[in-house]
2 protein chains.
Amino acid sequence: MQKNQKAIHFQDTVLESGFWQARQKMNAETTVYAVWERFKDTGRFDAFRFDWKEGMPNKPHIFWESDFAKWAESVAYIVAKKKDAVLEKAVDDIVDLIEVHQEESGYFNIYFTVIEPEQRFQKRTEHELYDAGHLIEAAVAYHEATGKDKFLKLMMKYADYIENVFMLEKSTNFTTPGHEEIELALVKLYQATGEKRYLSLAKFFVDERGKVDKRISYDWVNERYAQDHAPVRQQTTAEGHSVRAMYLYCAMADLAREYGDSELAAACATIFENVAGRRMYITGGIGSSHVGEAFTIDYDLPNLTAYTESCAAIGLMLFAGRMLQIPSETPKALFADVAERVLYNGFLSSISLNGKAFFYENPLEIHPELLKRDASVLDAFKGRLPVTERKEVFDCSCCPPNITRFIASLADMLYTCNEDTLFVHHYMAGKTKTVVNGSPCDIVQKTAYPSEGAVSFTIKGEALATVALRIPYWCTSYNIVCNGKTLEPAQVKIVNGYAYLPLDRGQENSLTLLLDMPVQLIEAAPEVQENAGRVAVQRGPVVYCLEGVDNGSLLRNVRVRKEAVFEVVSDETFGVPVLKTTGTVPKEGAENGGLYRPVTDSTKNVQLTFIPYFGFANRGESEMVLWVLPE
Amino acid sequence: MQKNQKAIHFQDTVLESGFWQARQKMNAETTVYAVWERFKDTGRFDAFRFDWKEGMPNKPHIFWESDFAKWAESVAYIVAKKKDAVLEKAVDDIVDLIEVHQEESGYFNIYFTVIEPEQRFQKRTEHELYDAGHLIEAAVAYHEATGKDKFLKLMMKYADYIENVFMLEKSTNFTTPGHEEIELALVKLYQATGEKRYLSLAKFFVDERGKVDKRISYDWVNERYAQDHAPVRQQTTAEGHSVRAMYLYCAMADLAREYGDSELAAACATIFENVAGRRMYITGGIGSSHVGEAFTIDYDLPNLTAYTESCAAIGLMLFAGRMLQIPSETPKALFADVAERVLYNGFLSSISLNGKAFFYENPLEIHPELLKRDASVLDAFKGRLPVTERKEVFDCSCCPPNITRFIASLADMLYTCNEDTLFVHHYMAGKTKTVVNGSPCDIVQKTAYPSEGAVSFTIKGEALATVALRIPYWCTSYNIVCNGKTLEPAQVKIVNGYAYLPLDRGQENSLTLLLDMPVQLIEAAPEVQENAGRVAVQRGPVVYCLEGVDNGSLLRNVRVRKEAVFEVVSDETFGVPVLKTTGTVPKEGAENGGLYRPVTDSTKNVQLTFIPYFGFANRGESEMVLWVLPE
């Protein structure tokens, strides 16, 4: 029997200690301010004054309002937890400008008012609806956080206008957006306002995709780039621009849930499995090619040139979270497993340890000397490699505010529930006060995850008969103590990766989950030819890497014994332990041994320090290798 | 004491049987005709009529006369061995057209007469002197082969004009050619005519390089591209466009020899060592990047995107051959070792087994599915990979006639001599009748090399007191029988890789060299990070690879035991044996085992057939891997 799976909103949870509390604190106190400063520097706030003229600096870009919007959404999530008058005023000031410059019709766009007003809704490529979507998301969040409704009303008016010109009048030059985003935003607007027509409009945009707009976004791409290659219900693989793709799939999952659309749900599941099973790096990064910032083909996951945009990582977590909200008999751990893989690796790598700098791309291997590779041509013509260190702002700076809003609303990932079962998807220390099926429910999680594998819960709720704890994909051995009783694995009912445990309704239930967290050597399937003959080091959900700053150079040569003993050393720099072991490297270099020579087993021991992948490039430009040789 | 090292001209040698005789036969009977046909099809012969007009097909390209010239040089080398009236007439007809269209001044160029006459010697980029160089080489070769002197005289007249405008008047818009070639051609013209001013002109072009023309060839390159980054005597690394580089280094070596210029000789040696020790694939391929068709940085040798142009491979063999002609006390085997590496691998791969199709690029790894990689963009915007099968002609078809002329004159590589010592650099079955130090000298080599390691010689010559046999770099165990006497290794004087053996002057000396030729597993130095943890299979000078057509797919996963026993199976397809052994591959693919999973040693045995690398892509498009995993 399909059961509704309700999300427990992040606002019901306070992360009180541990790994993520520290990061949320930095996000609220440092990162959101750092992004703000860089956005002010670069004209992204001034653009809302609508007074840019030819010859002035900082010409407004077509998606600058989306940069502000994601930042404002971050502010909403932050101030919902803790008042910050400075941040709130910054948003209010821009909302006032939006009110001033919004047209009578409801239309609001900086670029297509200030620079190309005659091209309004003429160019499918140009992100107008993407901007609208992010503004809507921000308005909904800001209303929920502050109770203020001005921003929300302005955006409802804009949404009404969009409904009118796209769906009713059909007076625009395209039908579906070149960059998806508005679809999922309209679902949020529907949820915030109860206005079903916003949901219908989201459905319209999703349903029409792949049918009408065979006009492609750009002149160098084909239909796959913007997921136009087939009607969405017929799509089976993740295609094209990876952020566009994820935002579409989020909306598809939303609509599958809202409309009980099993065909759409099945398409989402098929696409998710394609990503998780064939098109995802071990870090959870997706979109392996910079050409179109796109998915390529199954198992094509090069490390050195991995594009794996930070926004795509966030998009995959959002998609996974929505998959857990589609009615189902028993949720599958796959979705939270994938989200966890992204969270601690390919997402977390996108922000520096000091919270001020960001990766747009998150490569899995770095050899700084290769930046000098094409020595005989000018820089613009050299072969392309990802940047090797994080930056504070980009020309296309979509990622930084996406990161801040995601961290601020992180606890959205933690729990879902159906009528009588609480699903625990992720392990983070925090307190949750919520309502399940009309009854109050208190959940307390205590854990040093991901540094350690022990998690304690107290759970109390009249409605709750069962708690289902995700046994993470990486865990092969665990113990559960439920209200004082140690359960043998054979006594635990495991369905689709969740351990179902009985609760005493209305009582304070005490549970402890003890996940063994040994260091594991992981191999990729042989189809991922890039990694053939190599292994990754993982502990719990955290994937590790070797950096030159700790381990010298020529790191692709490092061998780790399959039976290696790793010393797990707690480390304040990264907030999770580093791993130390002894490995080997070849004894003779080219100068003494020759460029090509008969194989010898002449090696020497080296002391190795593996750091969490997410922490690479925080100590200067450095060689970095994730997939190492086994011995 | 430095001794002159004289080349023994290929015309003194007949390859009578064996591996190379078969290839020379195919070259003379098939390949040279096939290239001719494709050059006719594409207008390269018609261009010499100088009647192209706007709107006509086959607009003459700036270096089409060089395509003809290399082809004509091939014809010269072929007809020198065996009369072929058809080929000879084809050359004569074009020479007649050259006579008709050469200007009174001596200038001859199709493009800059028919299309841009006002730009004559104005554009350093545009290959005019490169064309002149190849025409001069052809004219010299044709004169030597046929005794006809019309072509030679026409080109002497052109060379005189070039001397005048470049060196004396300095009336041109650049001083040194954008693409080297004329320098080495002028040395040949000097040798053919005895006119020292041609040698002086070659020296002028070489000496001025890196000094005056800081105007770069193209607007997307820097000085390194055309070896303009420093005066040639100060250059220490192989830089820029790899064919340009090799032709320059050939001329530098020629001039070092002709002028006894030890500074230039030292620069050549340093550059050669940089190539051989740091910038060369195991196949002898050079120029690893398609960006500028260029050398990149030390040890940067990617397999999948290896550019390794066929002309660069030929250029490296020509450079190596010239290094052996620079006066020296004792020649170094390094030069012939490198030439042999190129010859049996990165050069020989450039021509199909049927002699009709060619590679311009010679990659070391092929995964055909990756051609579909950037699925969401139009073809022109996809990431670049080398072509996977040979073609009969290219828009830029410099390689095919370079291959034909090289094969036809192959025996140039075999021998050099000084006053009393014959140096045997390569092992090919053939008979040589030459003159050493004024005395006739007969050399007979009998061998099934490179299929087998036994080589028998009879050598007779009044001047010869010593023969020096190269012990190839790949050989660690050998025996020598000298005039019936088996020499223990300790009895053999080895200097710089050559075994020096005494000869009875004037007697027929009988020698046998028995090179053990086991299958070897070769590793790259750790600096070549691309190949870390991988091994290549080599037997004698021949490097092997795995192809999909024999071994299925996902070949990067194949493991070969370090102690593997290889069955050496003679094979008519390739002309050298194929190697069969048992290896392992992972048991579980992604579908059953998961995309990422704890390391297992779950493997299954597979029967493997290694074919000579040079023979890849002769049986349809196929996966190909050279560097495999050891076990």
# chains A, B, ... in the order shown; residues from 1 in each chain; ligands from 1

$ interface_residues --of "chain A" --to "chain B" --cutoff "6 Å" --atoms "only C-alpha atoms" --output "PyMOL selection string"
chain A and resi 220-222+224-225+240+277+296-297+373-378+521-526+529+532+556-557+589-590+595-599

$ residues_around --residues "Glu621 of chain B" --least-positions-apart "2" --cutoff "12 Å" --atoms "only C-alpha atoms" --output "MDAnalysis selection string"
chainID B and resid 366:369 371 387:390 547:549 616:619 623:624

$ residues_around --residues "segment 181-186 of chain A" --least-positions-apart "5" --cutoff "6 Å" --atoms "only C-alpha atoms" --output "list in words"
Leu129, Tyr130, Gly133, Ile136, Glu137, Tyr198, Ala202, Tyr247 and Ala251 of chain A

$ select_by_dssp --residues "segment 247-386 of chain B" --states "strand (DSSP E or B)" --output "PDB file with N, CA, C and O atoms, in the first residue's frame"
ATOM      1  N   MET B 280      58.622  11.537 -24.828  1.00  0.00           N
ATOM      2  CA  MET B 280      58.375  10.552 -25.880  1.00  0.00           C
ATOM      3  C   MET B 280      57.519   9.421 -25.314  1.00  0.00           C
ATOM      4  O   MET B 280      57.769   8.931 -24.221  1.00  0.00           O
ATOM      5  N   ILE B 286      55.786  11.432 -30.543  1.00  0.00           N
ATOM      6  CA  ILE B 286      56.120  12.700 -29.875  1.00  0.00           C
ATOM      7  C   ILE B 286      55.093  13.759 -30.245  1.00  0.00           C
ATOM      8  O   ILE B 286      54.433  13.665 -31.274  1.00  0.00           O
ATOM      9  N   SER B 289      50.111  16.889 -27.591  1.00  0.00           N
ATOM     10  CA  SER B 289      48.878  17.685 -27.588  1.00  0.00           C
ATOM     11  C   SER B 289      48.452  18.095 -28.985  1.00  0.00           C
ATOM     12  O   SER B 289      49.266  18.535 -29.795  1.00  0.00           O
ATOM     13  N   ALA B 294      51.681  19.828 -30.664  1.00  0.00           N
ATOM     14  CA  ALA B 294      52.911  20.283 -30.024  1.00  0.00           C
ATOM     15  C   ALA B 294      53.398  19.412 -28.876  1.00  0.00           C
ATOM     16  O   ALA B 294      52.648  18.659 -28.264  1.00  0.00           O
ATOM     17  N   SER B 328      82.066  11.887 -33.808  1.00  0.00           N
ATOM     18  CA  SER B 328      82.111  11.520 -32.393  1.00  0.00           C
ATOM     19  C   SER B 328      83.170  10.450 -32.218  1.00  0.00           C
ATOM     20  O   SER B 328      83.595   9.805 -33.173  1.00  0.00           O
ATOM     21  N   ILE B 351      50.434   3.627 -40.981  1.00  0.00           N
ATOM     22  CA  ILE B 351      49.963   3.098 -42.270  1.00  0.00           C
ATOM     23  C   ILE B 351      49.217   1.784 -42.045  1.00  0.00           C
ATOM     24  O   ILE B 351      49.605   0.962 -41.218  1.00  0.00           O
ATOM     25  N   PHE B 358      45.919   5.832 -43.697  1.00  0.00           N
ATOM     26  CA  PHE B 358      46.943   6.444 -42.850  1.00  0.00           C
ATOM     27  C   PHE B 358      46.347   7.079 -41.595  1.00  0.00           C
ATOM     28  O   PHE B 358      45.233   7.572 -41.614  1.00  0.00           O
ATOM     29  N   GLU B 365      45.441   4.805 -26.917  1.00  0.00           N
ATOM     30  CA  GLU B 365      44.293   4.170 -26.282  1.00  0.00           C
ATOM     31  C   GLU B 365      43.051   4.642 -27.026  1.00  0.00           C
ATOM     32  O   GLU B 365      42.959   5.804 -27.412  1.00  0.00           O
ATOM     33  N   ILE B 366      42.128   3.721 -27.244  1.00  0.00           N
ATOM     34  CA  ILE B 366      40.892   4.079 -27.944  1.00  0.00           C
ATOM     35  C   ILE B 366      39.707   3.464 -27.214  1.00  0.00           C
ATOM     36  O   ILE B 366      39.723   2.271 -26.893  1.00  0.00           O
ATOM     37  N   VAL B 377      25.665  18.296 -27.123  1.00  0.00           N
ATOM     38  CA  VAL B 377      26.101  19.427 -27.943  1.00  0.00           C
ATOM     39  C   VAL B 377      26.318  18.969 -29.384  1.00  0.00           C
ATOM     40  O   VAL B 377      26.476  17.777 -29.654  1.00  0.00           O
TER      41      VAL B 377
END

$ atom_distance --atom1 "atom CA of Lys493 of chain A" --atom2 "atom CA of Pro331 of chain A"
13.9 Å

$ residues_around --residues "His426 of chain A" --least-positions-apart "5" --cutoff "8 Å" --atoms "only C-alpha atoms" --output "PyMOL selection string"
chain A and resi 336+340+413-415+470

$ closest_atom_pairs --of "segment 59-145 of chain B" --to "segment 30-33 of chain B" --cutoff "8 Å" --atoms "only C-alpha atoms" --output "JSON lines"
{"residue": "B:Trp71", "atom": "CA", "partner": "B:Val32", "partner_atom": "CA", "distance": 7.3}
{"residue": "B:Ser74", "atom": "CA", "partner": "B:Val32", "partner_atom": "CA", "distance": 7.3}
{"residue": "B:Val75", "atom": "CA", "partner": "B:Val32", "partner_atom": "CA", "distance": 7.4}

$ write_last_selection --atoms "C-alpha atoms" --output "short mmCIF file (atom, residue, chain, number, x, y, z; two decimals), in the first residue's frame"
data_model
loop_
_atom_site.label_atom_id
_atom_site.label_comp_id
_atom_site.auth_asym_id
_atom_site.auth_seq_id
_atom_site.Cartn_x
_atom_site.Cartn_y
_atom_site.Cartn_z
CA TRP B 71 55.29 12.01 -53.21
CA SER B 74 59.02 8.72 -52.88
CA VAL B 75 58.87 8.06 -56.59
#

$ closest_residue --among "A:Ala22, A:Leu152, A:Leu579, A:Met1" --to "Asn354 of chain A" --atoms "only C-alpha atoms"
A:Ala22

$ atom_distance --atom1 "atom CA of Gly321 of chain B" --atom2 "atom CA of Phe335 of chain B"
7.0 Å

$ select_by_dssp --residues "segment 413-612 of chain A" --states "alpha helix (DSSP H)" --output "mmCIF file with all heavy atoms, in the first residue's frame"
data_model
loop_
_atom_site.group_PDB
_atom_site.id
_atom_site.type_symbol
_atom_site.label_atom_id
_atom_site.label_comp_id
_atom_site.auth_asym_id
_atom_site.auth_seq_id
_atom_site.Cartn_x
_atom_site.Cartn_y
_atom_site.Cartn_z
ATOM 1 N N GLY A 548 49.224 16.827 -2.200
ATOM 2 C CA GLY A 548 50.660 17.049 -2.259
ATOM 3 C C GLY A 548 51.215 17.692 -1.005
ATOM 4 O O GLY A 548 52.323 17.366 -0.560
ATOM 5 N N VAL A 549 50.469 18.597 -0.400
ATOM 6 C CA VAL A 549 50.954 19.319 0.772
ATOM 7 C C VAL A 549 51.303 18.352 1.915
ATOM 8 O O VAL A 549 52.194 18.631 2.718
ATOM 9 C CB VAL A 549 49.913 20.396 1.190
ATOM 10 C CG1 VAL A 549 48.623 19.775 1.650
ATOM 11 C CG2 VAL A 549 50.475 21.332 2.237
ATOM 12 N N ASP A 550 50.639 17.218 1.962
ATOM 13 C CA ASP A 550 50.962 16.209 2.979
ATOM 14 C C ASP A 550 51.879 15.105 2.458
ATOM 15 O O ASP A 550 52.602 14.476 3.244
ATOM 16 C CB ASP A 550 49.679 15.502 3.459
ATOM 17 C CG ASP A 550 48.668 16.468 4.036
ATOM 18 O OD1 ASP A 550 49.041 17.228 4.941
ATOM 19 O OD2 ASP A 550 47.513 16.460 3.576
ATOM 20 N N ASN A 551 51.788 14.813 1.180
ATOM 21 C CA ASN A 551 52.337 13.547 0.686
ATOM 22 C C ASN A 551 53.330 13.679 -0.461
ATOM 23 O O ASN A 551 53.658 12.684 -1.108
ATOM 24 C CB ASN A 551 51.175 12.643 0.237
ATOM 25 C CG ASN A 551 50.180 12.401 1.354
ATOM 26 O OD1 ASN A 551 50.480 11.678 2.301
ATOM 27 N ND2 ASN A 551 49.010 13.024 1.273
ATOM 28 N N ALA A 590 62.689 8.788 -13.356
ATOM 29 C CA ALA A 590 63.136 8.696 -14.748
ATOM 30 C C ALA A 590 64.635 8.918 -14.880
ATOM 31 O O ALA A 590 65.299 8.276 -15.689
ATOM 32 C CB ALA A 590 62.383 9.710 -15.595
ATOM 33 N N GLU A 591 65.180 9.812 -14.080
ATOM 34 C CA GLU A 591 66.598 10.162 -14.250
ATOM 35 C C GLU A 591 67.496 8.951 -14.011
ATOM 36 O O GLU A 591 68.436 8.707 -14.749
ATOM 37 C CB GLU A 591 66.987 11.288 -13.286
ATOM 38 C CG GLU A 591 66.406 12.637 -13.662
ATOM 39 C CD GLU A 591 66.828 13.120 -15.052
ATOM 40 O OE1 GLU A 591 68.027 13.041 -15.358
ATOM 41 O OE2 GLU A 591 65.944 13.548 -15.824
ATOM 42 N N ASN A 592 67.219 8.198 -12.966
ATOM 43 C CA ASN A 592 68.054 7.030 -12.675
ATOM 44 C C ASN A 592 67.534 5.759 -13.325
ATOM 45 O O ASN A 592 68.305 4.914 -13.761
ATOM 46 C CB ASN A 592 68.161 6.813 -11.164
ATOM 47 C CG ASN A 592 68.901 7.960 -10.505
ATOM 48 O OD1 ASN A 592 69.871 8.458 -11.053
ATOM 49 N ND2 ASN A 592 68.419 8.388 -9.359
ATOM 50 N N GLY A 593 66.212 5.629 -13.366
ATOM 51 C CA GLY A 593 65.638 4.363 -13.830
ATOM 52 C C GLY A 593 65.300 4.321 -15.300
ATOM 53 O O GLY A 593 65.061 3.256 -15.859
#

$ closest_residue --among "A:Arg124, A:Leu608, A:Ala69, A:Gly552" --to "Val565 of chain A" --atoms "only C-alpha atoms"
A:Leu608

$ residues_around --residues "Lys485 of chain A" --least-positions-apart "5" --cutoff "10 Å" --atoms "only C-alpha atoms" --output "PyMOL selection string"
chain A and resi 480+510-512

$ closest_residue --among "A:Ile78, A:Leu385, A:Ile403, A:Val578" --to "Ala306 of chain A" --atoms "only C-alpha atoms"
A:Leu385
